[in-house]
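Participant: Let me begin by handing over the structure; questions about it come next.
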Amino acid sequence: MSITIRYFASLREQIGRGEDRLDAAGIATVDAAWQHLHGTPLPARVLAAVNQEYVGAEHVLTDGDEVAFFPPVTGG
Amino acid sequence: MSITIRYFASLREQIGRGEDRLDAAGIATVDAAWQHLHGTPLPARVLAAVNQEYVGAEHVLTDGDEVAFFPPVTGG
Amino acid sequence: MVRLETAIFDPWSTLRDFEQTHDMGDGRSGAAAVFVGTMRDFNAGDGVRRLFLEHYPGMTERELERIADEAVERWPVNACLIVHRVGLIVPGEPIVLTAAWSAHRNAGFDACRHLIEALKHRAPFWKREDLANGEQRWVSENTPA
Amino acid sequence: MVRLETAIFDPWSTLRDFEQTHDMGDGRSGAAAVFVGTMRDFNAGDGVRRLFLEHYPGMTERELERIADEAVERWPVNACLIVHRVGLIVPGEPIVLTAAWSAHRNAGFDACRHLIEALKHRAPFWKREDLANGEQRWVSENTPA
């Protein structure tokens with residue numbers, strides 16, 4: 001299973017990179033992907049999107065998904 | 001006492017003129033001016049202004065006042 | 001600022017000109033809320049070909065000034081603009097423009113909405129319609145919000 | 001319609017161009033409600049010299065489209081427009097424009113306000129400020145309404 005992980009704004013700067021790739025068949029959810037990469041549950045202030053739609057931490061991942069993590073939005 | 005009376009819009013057309021002049025020392029209020037000219041109390045749907053400010057029917061008139069009567073406004 | 005227009009006006013270039021020539025609060029205005037009312041080609045179920053907008057010269061301007069002053073007193077707005085057409089107009093032409101500039105959006109929206117609501121309730125303007133069927137009639141009360 | 005702008009845009013000529021090139025409902029639109037957000041030269045008490053607006057290419061456009069679609073579903077509006085700046089901008093430049101055209105004013109105001117509120121809560125944009133004192137910081141949450 002191949003998943004692309006993207007980070008934006010201050011989160012990208014904190015993590016130090018804009019993208020990760022996961023090839024991990026055992027990773028079922030958005031939260032599990034974050035745990036696998038960063039060793040903690042998904043922080044409450046971090047928003048998640050899958051294939052460019054907002055999702056909750058328990059959203060189930062599918063092969064080829066694009067997962068995005070980002071801080072609260074501040075547009076407008 | 002000299003008072004100028006002005007009419008606007010549909011009211012001007014109903015009355016058939018845009019202006020009246022009153023030289024009537026005994027006329028105390030806006031309502032009395034209307035009564036004197038038109039023989040009825042000021043109709044509820046007719047709005048009144050004195051010197052270009054909205055007033056009620058009991059507003060007391062002063063020499064030189066410009067009194068205006070008009071229908072509900074429909075601007076915007 | 002309030003202004004009556006006797007000929008067709010472009011609300012958008014009016015707004016640009018106003019911003020370029022008036023003090024918007026030196027970088028303090030982050031929000032502009034604007035309303036533009038345009039003449040429709042129907043009213044109360046009937047086709048309308050033309051509209052005559054009568055006003056009360058002097059009182060109309062004063063009442064618009066009062067309405068703009070109220071908005072500045074009630075909300076933290078840096079500037080207000082009211083422009084209203086008078087005379088003969090045809091469908092598609094702008095009738096009214098209200099705008100409020102403020103630091104934050106709620107004050108701008110609330111002030112702009114106050115400008116148009118108060119104008120519709122209090123400013124001495126009257127509309128006479130030339131209907132598609134040839135009749136002429138005075139609009140007896142204002143359009144629903 | 002939604003659009004991201006990478007360079008300075010004039011909201012007023014954008015509105016005029018949009019009206020001239022889009023179907024506003026054939027005389028059915030009597031009301032246009034508009035919001036323009038402009039970069040201020042201060043935020044949270046600090047002077048700001050410059051702003052970098054990051055977005056999520058693809059998702060940002062899709063989220064704006066969803067917001068515009070919601071407005072059309074929830075209110076009787078004939079057209080919606082959202083324009084948002086991305087990249088580097090300086091004080092005084094417009095950041096965002098939202099507009100809704102409708103037959104009556106309440107629907108226009110409500111839809112326009114929904115566009116900007118939903119955009120501020122949901123559209124993936126992030127602001128990084130260059131402060132007057134030389135520091136750089138990400139805006140951590142949105143400005144008060």
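So you can find residues: chains in the structure tokens are A, B, ... in the order shown, residues in each start at 1, and ligands are numbered from 1 in order.
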Mind the document's chain letters and residue numbers, and return as a list in words the residues of chain A that DSSP labels alpha helix (DSSP H).
Facilitator: Ala9, Ser10, Leu11, Arg12, Glu13, Gln14, Ile15, Val30, Asp31, Ala32, Ala33, Trp34, Gln35, His36, Leu37 and His38 of chain A
Participant: Per residue of range 3-82 of chain C within 12 Å of range 96-102 of chain D, what are the shortest atom pair and its distance in Å to one decimal, counting only C-alpha atoms, with rows by chain and residue number, as CSV?
Facilitator:
```
residue,atom,partner,partner_atom,distance
C:Gly30,CA,D:Val96,CA,10.2
C:Ala31,CA,D:Val96,CA,9.5
C:Ala32,CA,D:Leu97,CA,9.4
C:Ala33,CA,D:Thr98,CA,9.7
C:Val34,CA,D:Ala99,CA,9.1
C:Phe35,CA,D:Ala99,CA,9.6
C:Val36,CA,D:Trp101,CA,9.3
C:Gly37,CA,D:Ser102,CA,9.8
C:Thr38,CA,D:Ser102,CA,10.2
C:Arg40,CA,D:Ser102,CA,10.7
```
Participant: I want to know what sits within 12 Å of Ala103 in chain C, based on only C-alpha atoms, with residues of the same chain fewer than 6 positions away left out; could you give that as JSON, numbers by chain?
Facilitator: {"C": [24, 25, 26, 27, 28, 29, 30, 31, 32, 33, 75, 76, 77, 78, 79, 109], "D": [36, 37, 38, 39, 40, 41, 42, 43, 143, 144, 145]}
Participant: Considering only C-alpha atoms, state which residue in the set D:Arg105, D:Arg50, D:His84, D:His121 is at the smallest distance from chain B.
Facilitator: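 Smallest distance to chain B is found for D:Arg105.
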Participant: Once DSSP has gone over the backbone, tell me which residues of chain C are in strand (DSSP E), as a ChimeraX atom specification.
Facilitator: /C:2-5,31-38,42-43,46-55,77-85,87-89,94-102,125-131,136-138
Participant: At a cut-off of 7 Å, using only C-alpha atoms, what residues contact range 8-24 of chain B? Leave out same-chain residues fewer than 6 positions from it and give the result as a PyMOL selection string.
Facilitator: (chain B and resi 1-2+69-71) or (chain C and resi 54+126+138)
Participant: Mind writing the picked residues with C-alpha atoms as a PDB file, in the first residue's frame?
Facilitator:
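And here is the file that came out, again.pdb:
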```
ATOM      1  CA  MET B   1     -47.604  83.239   9.657  1.00  0.00           C
ATOM      2  CA  SER B   2     -46.441  81.976   6.271  1.00  0.00           C
ATOM      3  CA  PHE B  69     -46.406  65.568   2.848  1.00  0.00           C
ATOM      4  CA  PHE B  70     -45.614  62.380   0.993  1.00  0.00           C
ATOM      5  CA  PRO B  71     -46.495  58.669   0.649  1.00  0.00           C
TER       6      PRO B  71
ATOM      7  CA  GLU C  54     -38.484  60.995  -7.599  1.00  0.00           C
ATOM      8  CA  TRP C 126     -40.406  57.266  -4.693  1.00  0.00           C
ATOM      9  CA  TRP C 138     -46.394  54.355  -8.256  1.00  0.00           C
TER      10      TRP C 138
END
```
Participant: Write out as JSON, numbers by chain every residue belonging to chain B that has an atom at most 7 Å from any atom of chain C, counting only C-alpha atoms.
Facilitator: {"B": [9, 10, 52, 72, 73, 74, 75, 76]}
Participant: For the residues selected in the previous step, produce a file with N, CA and C atoms as a PDB file, in the first residue's frame.
Facilitator:
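The resulting again21.pdb:
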```pdb
ATOM      1  N   ALA B   9     -44.657  62.822  -5.187  1.00  0.00           N
ATOM      2  CA  ALA B   9     -44.985  61.507  -5.769  1.00  0.00           C
ATOM      3  C   ALA B   9     -46.491  61.337  -5.983  1.00  0.00           C
ATOM      4  N   SER B  10     -47.038  60.158  -5.609  1.00  0.00           N
ATOM      5  CA  SER B  10     -48.455  59.879  -5.893  1.00  0.00           C
ATOM      6  C   SER B  10     -49.367  60.882  -5.183  1.00  0.00           C
ATOM      7  N   GLN B  52     -37.465  69.577   6.357  1.00  0.00           N
ATOM      8  CA  GLN B  52     -36.704  68.438   5.875  1.00  0.00           C
ATOM      9  C   GLN B  52     -36.288  67.456   6.972  1.00  0.00           C
ATOM     10  N   PRO B  72     -45.507  56.653   1.622  1.00  0.00           N
ATOM     11  CA  PRO B  72     -44.380  55.812   2.069  1.00  0.00           C
ATOM     12  C   PRO B  72     -43.258  55.819   1.039  1.00  0.00           C
ATOM     13  N   VAL B  73     -42.015  55.839   1.516  1.00  0.00           N
ATOM     14  CA  VAL B  73     -40.868  55.944   0.608  1.00  0.00           C
ATOM     15  C   VAL B  73     -40.567  54.581  -0.002  1.00  0.00           C
ATOM     16  N   THR B  74     -40.041  54.586  -1.219  1.00  0.00           N
ATOM     17  CA  THR B  74     -39.803  53.329  -1.937  1.00  0.00           C
ATOM     18  C   THR B  74     -38.458  53.353  -2.658  1.00  0.00           C
ATOM     19  N   GLY B  75     -37.455  53.960  -2.027  1.00  0.00           N
ATOM     20  CA  GLY B  75     -36.129  54.012  -2.657  1.00  0.00           C
ATOM     21  C   GLY B  75     -35.343  52.742  -2.441  1.00  0.00           C
ATOM     22  N   GLY B  76     -34.124  52.755  -2.934  1.00  0.00           N
ATOM     23  CA  GLY B  76     -33.195  51.636  -2.735  1.00  0.00           C
ATOM     24  C   GLY B  76     -33.341  50.568  -3.790  1.00  0.00           C
TER      25      GLY B  76
END
```
Participant: Calculate how many Å separate CA of Val90 in chain D from CA of Asp130 in chain D, rounding to one decimal.
Facilitator: 9.7 Å
Participant: Kindly give the distance, in Å, that separates CA of Thr40 in chain A and CA of Ile27 in chain A, rounded to a single decimal.
Facilitator: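 It comes out at 14.3 Å.
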Participant: Go through C:Ile8, C:Leu15, C:Leu51, C:Met1 and flag the residue nearest chain D, using only C-alpha atoms for the distances.
Facilitator: C:Leu15
Participant: Pick from C:Ala7, C:Val48, C:Leu64, C:Val72: nearest to Ala107 in chain C, with only C-alpha atoms counted?
Facilitator: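 Of the candidates, the smallest distance to Ala107 in chain C is held by C:Val72.
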Participant: So that I can see what lies close to Glu73 in chain C, please list as a ChimeraX atom specification the residues with an atom at most 10 Å from it, counting only C-alpha atoms and leaving out residues fewer than 5 positions away in the same chain.
Facilitator: /C:67-68,111
Participant: For Ala48 in chain B, please output as a list in words all residues within 6 Å (counting only C-alpha atoms; exclusion window: fewer than 4 positions along the same chain).
Facilitator: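 Listed by chain and then number, they are Tyr54, Val55, Ala68 and Phe69 of chain B.
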